[in-house]
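Here the structure is laid out as structure tokens; the discussion comes afterwards.
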Amino acid sequence: MKIVIAGAREVGTHLAKLLSADNMDVILIDEDPERLSQLAFLNIMTLLGSPTSIATLREAEVNKADLFIAVTPVESVNIHACLLATNMGARRTMARIDNYELQKEESTTFYRRIGVSSLIYPEFLGGQAIARVIATPWARLSVEFCEGSLLLLAVKVREGAPIVGQKLMDLGREHKQYHVAAIKRGENLIIPSGADSVLAEDIVFFMTTPDEQNAVRLVCGKKVKDIRRIIFMGGRRIGVQAAFALPQGMDIVFVEKDRQRAERLLELVKGCHVIQGGEDDMDVFAELHLTRNDCFVALGDNSGSNVLSCLNAKKLGVGKTIAEIEDVGYITIADNLNIGSTVNKKLLTAASIYQMLLNADKTSAKVYSLVDAQIADLVAQPDSYITKAPVKSLKIDRDITLGGLVRNGVGHTIGGDTQILPGDHVVVVCRDEKIRQVEKLFLG
């Protein structure tokens with residue numbers, strides 16, 4: 001498959017990293033020679049030039065491209081580049097957008113008709129992620145698969161939690177309600193075996209069903225948090241999208257220093273409250289009267305400032321904090337500082353785009369990016385290797401784990417005796433470079 005990516009910032013480079021690991025034919029276009037020079041370690045071709053230049057696109061041979069992806073920071077450039085690529089012969093195109101209005105059906109239909117196959121809005125993806133975390137405040141991360149039949153929950157465990165010190169093989173015998181799919185320990189992500197144990201301060205990734213998520217909470221020693229008020233520190237679009245995704249009846253407060261934007265928030269989010277101020281204004285923190293029943297979401301322009309805002313909120317007694325992290329390098333720092341949950345739109349966007357490249361049932365495949373791993377929902381095809389024997393008898397790479405499956409609409413965790421059948425949706429966790437190997441397990 002030949003793929004041309006326009007834009008060598010975080011989204012484009014993350015995609016290129018995934019694709020180069022599978023030796024796919026990738027060309028990455030950018031106008032900044034310094035950004036391209038930093039990618040010399042990847043097995044990809046780079047091209048200096050503008051994605052809206054016909055000469056550059058011709059040099060990239062977009063007429064032979066199976067997929068053209070435009071993920072520059074400028075929406076108009078992305079759409080323009082996709083239109084050019086389509087008319088030059090690219091089979092499919094995808095444009096990153098910055099306007100939620102374009103997600104409406106009439107807009108997507110129009111753009112498909114003129115040559116943009118798909119539109120992707122990072123703020124929408126980030127807003128959805130924030131809303132899911134708020135719904136499960138004792139977890140760092142909550143992701144639904146197969147229309148909610150399975151859940152992936154990431155939980156930071158402390159000393160004294162029932163799970164600490166136990167070998168996973170022992171947990172598997174005693175508790176069938178969940179499966180430990182991955183463990184983040186410091187800066188390292190572990191795809192565990194039965195001989196591994198959970199340690200205090202680990203972030204543990206559990207696969208479970210909605211009915212059994214309380215078993216995960218109990219084994220991690222977490223208390224129920226009753227979130228009543230959501231405070232968005234910053235009036236950015238990701239916060240508006242999160243507010244749209246929250247259940248009705250929540251008390252929503254925005255803190256925004258720009259008067260014009262503050263007035264716009266009152267129009268967009270019906271029933272919300274707006275306080276004028278900035279994230280570094282301690283008088284605003286005092287005015288908020290933060291309590292254990294609050295969720296504090298830091299949405300400033302700077303990742304470091306968002307982390308500090310969450311630390312301040314924690315000191316003042318807030319029950320749950322979430323920081324938007326634009327710089328991927330801050331994610332591990334934030335985890336080690338125990339600020340709560342983090343959301344990175346760029347990883348979410350890259351994961352959403354990458355699902356288009358999975359050949360195993362494109363209509364249902366879903367991919368979610370961790371910092372060093374991928375989580376994929378795939379469908380087992382007839383006569384695929386994954387259906388040949390019980391899981392314990394299959395030869396599966398050490399860096400791949402099967403977390404759960406959905407059969408006839410019902411979610412199940414996976415153990416050694418599980419026999420995967422054709423048509424089963426299976427959620428798999430693996431390292432970045434193993435994602436194509438995972439796909440081969442599921443193809444007939």
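In the structure tokens, chains take letters A, B, ... by order of appearance, with residues numbered from 1 within each chain and ligands from 1 in the order shown.
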**Message:** Show me, as a VMD selection string, the residues that have an atom within 8 Å of A:Pro162 when counting only C-alpha atoms, minus same-chain residues fewer than 4 positions from it.
**Reply:** chain A and resid 218 to 221
Got time to write the residues from that selection, N, CA and C atoms, as a short mmCIF file (atom, residue, chain, number, x, y, z; two decimals), in the first residue's frame?
```
data_model
loop_
_atom_site.label_atom_id
_atom_site.label_comp_id
_atom_site.auth_asym_id
_atom_site.auth_seq_id
_atom_site.Cartn_x
_atom_site.Cartn_y
_atom_site.Cartn_z
N LEU A 218 -12.79 -2.37 42.76
CA LEU A 218 -12.54 -2.96 44.09
C LEU A 218 -11.15 -3.56 44.19
N VAL A 219 -10.70 -4.27 43.16
CA VAL A 219 -9.39 -4.91 43.23
C VAL A 219 -8.26 -3.88 43.22
N CYS A 220 -8.58 -2.67 42.70
CA CYS A 220 -7.60 -1.59 42.71
C CYS A 220 -7.71 -0.71 43.96
N GLY A 221 -8.67 -1.03 44.82
CA GLY A 221 -8.82 -0.29 46.07
C GLY A 221 -9.32 1.13 45.89
#
```
I want to know what sits within 12 Å of A:His289, based on only C-alpha atoms, with residues of the same chain fewer than 4 positions away left out; could you give that as a compact mmCIF listing (two decimals) with N, CA and C atoms, in the first residue's frame?
```txt
# COMPACT_ATOMS: atom_id res chain seq x y z
N ARG A 229 -19.79 18.61 39.52
CA ARG A 229 -19.47 19.83 38.80
C ARG A 229 -18.22 19.62 37.94
N ILE A 231 -15.34 21.59 35.83
CA ILE A 231 -14.72 22.90 35.63
C ILE A 231 -13.71 22.80 34.50
N MET A 282 -4.82 32.81 40.98
CA MET A 282 -5.20 32.08 42.19
C MET A 282 -6.51 32.59 42.77
N ASP A 283 -6.88 33.83 42.46
CA ASP A 283 -8.18 34.33 42.92
C ASP A 283 -9.32 33.54 42.29
N VAL A 284 -9.11 33.12 41.04
CA VAL A 284 -10.12 32.29 40.37
C VAL A 284 -10.24 30.95 41.07
N PHE A 285 -9.11 30.34 41.41
CA PHE A 285 -9.14 29.07 42.14
C PHE A 285 -9.92 29.22 43.44
N ASN A 293 -16.18 16.66 45.00
CA ASN A 293 -17.22 16.35 44.02
C ASN A 293 -17.03 17.10 42.70
N ASP A 294 -15.87 17.74 42.55
CA ASP A 294 -15.57 18.47 41.32
C ASP A 294 -14.62 17.68 40.44
N PHE A 296 -11.84 18.76 37.54
CA PHE A 296 -11.12 19.92 37.02
C PHE A 296 -10.40 19.51 35.74
N ALA A 313 -5.08 22.31 41.61
CA ALA A 313 -6.45 21.86 41.91
C ALA A 313 -6.45 20.71 42.89
N LEU A 316 -5.93 21.84 46.36
CA LEU A 316 -7.10 22.54 46.90
C LEU A 316 -8.28 21.61 47.12
N GLY A 317 -8.07 20.30 46.90
CA GLY A 317 -9.09 19.33 47.28
C GLY A 317 -9.98 18.80 46.19
N VAL A 318 -9.70 19.10 44.92
CA VAL A 318 -10.56 18.61 43.86
C VAL A 318 -10.49 17.09 43.77
```
**Item:** DSSP strand (DSSP E or B) residues within stretch 207-432 of chain A, listed as number ranges by chain
**Value:** A: 207-208, 229-233, 251-255, 273-275, 294-298, 320-324, 341-343, 366-369, 373-379, 400-407, 410-413, 425-431
**Message:** Quick one: residues within 9 Å of stretch 278-280 of chain A, only C-alpha atoms, excluding same-chain residues fewer than 6 positions away - as a PyMOL selection string?
**Reply:** chain A and resi 233-234+255-258+298+300+305-306+309
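Compared by their closest atoms to A:Gln241, and using only C-alpha atoms, the residues A:Val328, A:Met88, A:Ala65, A:Leu265 rank with A:Leu265 nearest.
Of the listed residues A:His14, A:Gln419, A:Leu57, A:Arg113, the one whose atoms come nearest to A:Leu39 is A:His14, with distances taken using only C-alpha atoms.
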**Residues near A:Val26, cut-off 6 Å, only C-alpha atoms, skip fewer than 6 positions along chain, as a count of residues only** = 3
**Message:** For the alpha helix (DSSP H) assignment from backbone DSSP, which residues of stretch 131-294 of chain A qualify? Please present them as a PyMOL selection string.
**Reply:** chain A and resi 131-135+168-174+213-219+237-245+259-268+282-288
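Going from atom CA of A:Leu28 to atom CA of A:Asn344 covers 21.9 Å.
The space separating atom CA of A:Pro422 from atom CA of A:Ile375 comes to 19.9 Å.
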**Request:** Give me the residues within 9 Å of A:Val133 as a ChimeraX atom specification, counting only C-alpha atoms and dropping any in the same chain fewer than 4 places off.
**Result:** /A:128-129,137-143,322,341
Print the selection's residues with N, CA and C atoms to a file, as a compact mmCIF listing (two decimals), in the first residue's frame.
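Heads up, here's the output in part.txt:
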```txt
# COMPACT_ATOMS: atom_id res chain seq x y z
N GLN A 128 -14.72 13.59 23.37
CA GLN A 128 -15.31 12.29 23.69
C GLN A 128 -14.47 11.56 24.75
N ALA A 129 -13.14 11.64 24.61
CA ALA A 129 -12.26 10.97 25.57
C ALA A 129 -12.41 11.57 26.97
N PRO A 137 -14.59 8.26 37.04
CA PRO A 137 -13.57 9.15 37.59
C PRO A 137 -12.45 8.45 38.37
N TRP A 138 -12.66 7.22 38.81
CA TRP A 138 -11.60 6.51 39.55
C TRP A 138 -10.57 5.89 38.60
N ALA A 139 -10.82 5.95 37.29
CA ALA A 139 -9.89 5.42 36.29
C ALA A 139 -9.19 6.55 35.56
N ARG A 140 -7.98 6.28 35.11
CA ARG A 140 -7.22 7.28 34.34
C ARG A 140 -7.73 7.36 32.90
N LEU A 141 -8.21 6.24 32.39
CA LEU A 141 -8.61 6.14 31.00
C LEU A 141 -9.78 5.18 30.89
N SER A 142 -10.74 5.49 30.03
CA SER A 142 -11.87 4.59 29.78
C SER A 142 -12.19 4.63 28.29
N VAL A 143 -12.11 3.47 27.64
CA VAL A 143 -12.37 3.38 26.20
C VAL A 143 -13.38 2.26 25.96
N ILE A 322 -8.04 16.34 35.01
CA ILE A 322 -7.73 15.88 33.66
C ILE A 322 -6.94 17.00 32.98
N SER A 341 -5.87 12.10 34.95
CA SER A 341 -5.93 11.64 33.56
C SER A 341 -5.32 12.66 32.61
```
